[in-house]
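Just below is one structure, and these are the notes that go with it.
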Amino acid sequence: MRPRTRSLLAAATLACAGLAALDGAAAAAHRAPAAHPSRATLTVGEFNPFSGPDASFGPEMVGGCIPAVRLINLDGGVMGHPITCLVEDTRGDPADAVPAADKMMATVSNLVGVLGPSSDEALATVPLLNRGQVPMFVDTGQAAFDHSPYPYFWRITPADDVKGYALALWAHRAGYTRAAAVFGSDVGSQSDVPTLVKAFKQLGGHIVINQRIALDSTSYRTEVEKLVQARPQVIFTEVDPQTGATYLSELQQLHGLIPVIGTEVTLEAPWLKAVTGAIGAGAMARDFTGMQPYAPPSGPAWATFNGSLLHSSASVPQPRQWSQDPYSMTYYDGVNIMALAMLAARSTKPSRFNRDIPLVTEPGPGKVVVTSFAMGKAELAKGRRIQYVGAGGPIVFNRWHNSTGAFEAARLVGGQVKIIGEVTAAQIAQLSGH
């Protein structure tokens, strides 16, 4: 695949730095235009960590939700109803997420769906949200949902077991046969590990050490020394920014860096900033590769998303950092899909429009391809059937409400992320046997 370069102003600024501004202006930032008395405002919950070790997930979600509701409201809303986004901080902990979900469902008027939950709290909250008939466009990657029994569960991004295959395939392509797995002790990070270990072994490789890392310790010298003794050629990793910076800087000091292949978390702005500051830009360019879902920043759907995002600076701190983030793109798509399904079902009631979600995304004869809410609304008004192709690409849900695709490999060079290759969906399917 021919490399392409994308701007990453976020590499110089923490995504989380906007949290104070976001919290301080939450009411203004997420407030929909005043509704006609008979046109109640519809609410989409941003159900993700906004604090704790995975605090970067929340702002990433805001970068998708706000641009979507902005365009929907500019086009007259959903059947005249304005729509808004509401921050609901799960703190990345089921103990906090369960009461947050219960409170949200009990107190938020006209809750039409949520973005999330993440892997941190999905096992505990997906059943609750499903029981409450709340459509959820999740970002959990847990393999437990590969055969989801929940009708209100929808997953656009690849599952973590799929990600494990992508990481292993990229390392195999580079010729590595001895690898270390260095993953955080949190649920989201650990969900990557089983398939990664299995896939790398299938390809003839060997995981020489598998470390489950407690997050945000002041030192990892003991763990680093054990890793060096195991003599890996490459490190697979997903840890939070502070942990990554501490661990890799100590490895650099004690031994010298070993090539790193990270998950999509390692391509987020806070991680890139923290780790680059710890090990240096030259080392990052030479020794680090990140893998993330393939969502090319091009085409009409992406252009519409990005244009709205860049016009949302009053509500989205430092919006440009999300321009080419595949998760922000798919959060944006999730809001549009729910809104179009409401139009197709002629109802804003989740129990009615939820079943129409595949009808506005799946391909089919005679369907009109649309790349924005406005296009979809116009075609549905003409009585036509539509296929929404979003900023994250085509969306085809299987019987378990999962839609997956390819992965792209990227490196940070001179403050820019350069896409250097791709692992295709077909390659993953061949290895996984699915």
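Note on naming: chains are A, B, ... as they come in the structure tokens, residues start from 1 per chain, ligands start from 1 in the order shown.
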
Near range 109-118 of chain A, 8 Å: range 48-83 of chain A residue rows, closest pairs, only C-alpha atoms, as a Markdown table:
| residue | atom | partner | partner_atom | distance |
| --- | --- | --- | --- | --- |
| A:Asn48 | CA | A:Pro117 | CA | 5.6 |
| A:Pro49 | CA | A:Ser118 | CA | 7.9 |
| A:Met61 | CA | A:Leu115 | CA | 7.5 |

Handout entry: Contact residues around Leu169 in chain A with only C-alpha atoms at 9 Å, ignoring same-chain residues under 6 positions, as JSON, numbers by chain
Key = {"A": [199, 200, 203, 423, 427, 428, 431]}

Exercise for the section: Return as a ChimeraX atom specification the full set of residues in range 249-286 of chain A whose backbone-based DSSP assignment is alpha helix (DSSP H). Expected result: /A:249-254,269-279,281-286

Give me, as a tab-separated table, the closest atom pair and its distance (Å, one decimal) for every residue of range 36-67 of chain A within a cut-off of 10 Å of range 266-282 of chain A, counting only C-alpha atoms, rows sorted by chain and rising number.
residue	atom	partner	partner_atom	distance
A:Ala55	CA	A:Pro270	CA	9.9
A:Ser56	CA	A:Pro270	CA	7.2
A:Phe57	CA	A:Glu268	CA	9.2
A:Glu60	CA	A:Glu268	CA	8.8

List every residue of range 132-214 of chain A that DSSP, applied to the backbone of this structure, assigns to strand (DSSP E or B), and report them as a PDB file with C-alpha atoms, in the first residue's frame.
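Writing the result to out17.pdb gives the following:
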ATOM      1  CA  MET A 136     -25.445   1.338  22.051  1.00  0.00           C
ATOM      2  CA  PHE A 137     -22.675   1.881  19.520  1.00  0.00           C
ATOM      3  CA  VAL A 138     -19.954   0.315  21.584  1.00  0.00           C
ATOM      4  CA  PHE A 153     -25.704  -3.876  20.929  1.00  0.00           C
ATOM      5  CA  TRP A 154     -23.960  -2.566  17.768  1.00  0.00           C
ATOM      6  CA  ARG A 155     -20.200  -2.680  17.121  1.00  0.00           C
ATOM      7  CA  ARG A 178      10.380 -13.862  19.533  1.00  0.00           C
ATOM      8  CA  ALA A 179       8.037 -11.353  21.144  1.00  0.00           C
ATOM      9  CA  ALA A 180       7.128  -9.885  24.520  1.00  0.00           C
ATOM     10  CA  ALA A 181       3.550  -9.005  25.482  1.00  0.00           C
ATOM     11  CA  VAL A 182       3.469  -5.955  27.765  1.00  0.00           C
ATOM     12  CA  PHE A 183      -0.156  -5.072  28.461  1.00  0.00           C
ATOM     13  CA  GLY A 184      -1.905  -3.134  31.215  1.00  0.00           C
ATOM     14  CA  HIS A 206       6.877 -17.473  20.401  1.00  0.00           C
ATOM     15  CA  ILE A 207       5.786 -15.108  23.183  1.00  0.00           C
ATOM     16  CA  VAL A 208       8.878 -15.291  25.377  1.00  0.00           C
ATOM     17  CA  ILE A 209       7.373 -13.234  28.217  1.00  0.00           C
ATOM     18  CA  ASN A 210       3.824 -12.083  28.952  1.00  0.00           C
ATOM     19  CA  GLN A 211       3.690  -9.191  31.433  1.00  0.00           C
ATOM     20  CA  ARG A 212       0.468  -7.945  33.034  1.00  0.00           C
ATOM     21  CA  ILE A 213       1.454  -4.418  34.123  1.00  0.00           C
TER      22      ILE A 213
END

Just the residues within 12 Å of Ala106 in chain A, please, counting only C-alpha atoms, with nothing from its chain fewer than 6 positions along; format it as a short mmCIF file (atom, residue, chain, number, x, y, z; two decimals) with N, CA and C atoms, in the first residue's frame.
data_model
loop_
_atom_site.label_atom_id
_atom_site.label_comp_id
_atom_site.auth_asym_id
_atom_site.auth_seq_id
_atom_site.Cartn_x
_atom_site.Cartn_y
_atom_site.Cartn_z
N PRO A 99 -23.88 2.23 38.42
CA PRO A 99 -24.81 3.27 38.91
C PRO A 99 -24.97 4.43 37.94
N ALA A 100 -23.90 4.73 37.17
CA ALA A 100 -24.01 5.80 36.17
C ALA A 100 -25.02 5.43 35.09
N LEU A 128 -27.37 -4.17 31.19
CA LEU A 128 -28.26 -3.16 31.76
C LEU A 128 -28.85 -2.27 30.67
N LEU A 129 -27.99 -1.78 29.78
CA LEU A 129 -28.46 -0.90 28.71
C LEU A 129 -29.39 -1.65 27.77
N GLY A 132 -32.70 -1.90 29.29
CA GLY A 132 -33.36 -0.62 29.24
C GLY A 132 -33.73 -0.18 27.84
N VAL A 134 -31.79 0.58 25.26
CA VAL A 134 -30.97 1.70 24.84
C VAL A 134 -29.99 1.22 23.76
#

Handout entry: Nearest candidate to Asp96 in chain A (options A:Gln318, A:Arg131, A:Gly76, A:Ser51; using only C-alpha atoms)
Key =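 Ranking A:Gln318, A:Arg131, A:Gly76, A:Ser51 by distance to Asp96 in chain A, first place goes to A:Ser51.
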
Fewer than 2 positions away in the same chain doesn't count, so skip those; otherwise give me all residues within 8 Å of range 398-402 of chain A, counting only C-alpha atoms, as a PDB file with C-alpha atoms, in the first residue's frame.
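Just written: selection-v9.pdb:
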ATOM      1  CA  ASP A 146     -18.321 -11.568  19.079  1.00  0.00           C
ATOM      2  CA  HIS A 147     -21.545 -13.573  19.305  1.00  0.00           C
ATOM      3  CA  SER A 148     -23.566 -10.980  21.153  1.00  0.00           C
ATOM      4  CA  PRO A 149     -27.095 -12.005  22.201  1.00  0.00           C
ATOM      5  CA  PRO A 151     -30.384  -6.806  20.239  1.00  0.00           C
ATOM      6  CA  PHE A 153     -25.704  -3.876  20.929  1.00  0.00           C
ATOM      7  CA  TRP A 154     -23.960  -2.566  17.768  1.00  0.00           C
ATOM      8  CA  ARG A 155     -20.200  -2.680  17.121  1.00  0.00           C
ATOM      9  CA  ILE A 156     -18.668  -0.868  14.129  1.00  0.00           C
ATOM     10  CA  THR A 157     -15.007  -1.193  15.128  1.00  0.00           C
ATOM     11  CA  PRO A 158     -13.107  -4.511  15.099  1.00  0.00           C
ATOM     12  CA  VAL A 396     -22.166  -4.302   7.299  1.00  0.00           C
ATOM     13  CA  THR A 404     -15.240  -5.415  11.093  1.00  0.00           C
TER      14      THR A 404
END

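Computed from the coordinates, the CA of Ala303 in chain A to CA of Pro365 in chain A distance equals 26.3 Å.
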
Handout entry: Counting only C-alpha atoms, the option among A:Gln142, A:Gln416, A:Thr177, A:Gln387 closest to Val197 in chain A
Key =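 Result for the nearest residue to Val197 in chain A: A:Thr177.
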
Exercise for the section: Please provide as a list in words all residues within 6 Å of Arg411 in chain A, with the sequence filter that same-chain residues fewer than 6 positions apart are discarded (counting only C-alpha atoms). Expected result: Thr289, Val417 and Lys418 of chain A

Handout entry: Pick from A:Ala230, A:Pro319, A:Val335, A:Thr361 nearest to Thr84 in chain A, counting only C-alpha atoms
Key =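 Smallest separation from Thr84 in chain A among the options: A:Val335.
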
Exercise for the section: Report the distance between CA of Lys198 in chain A and CA of Glu408 in chain A in Å, rounded to one decimal place. Expected result: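 Between CA of Lys198 in chain A and CA of Glu408 in chain A the gap is 20.7 Å.
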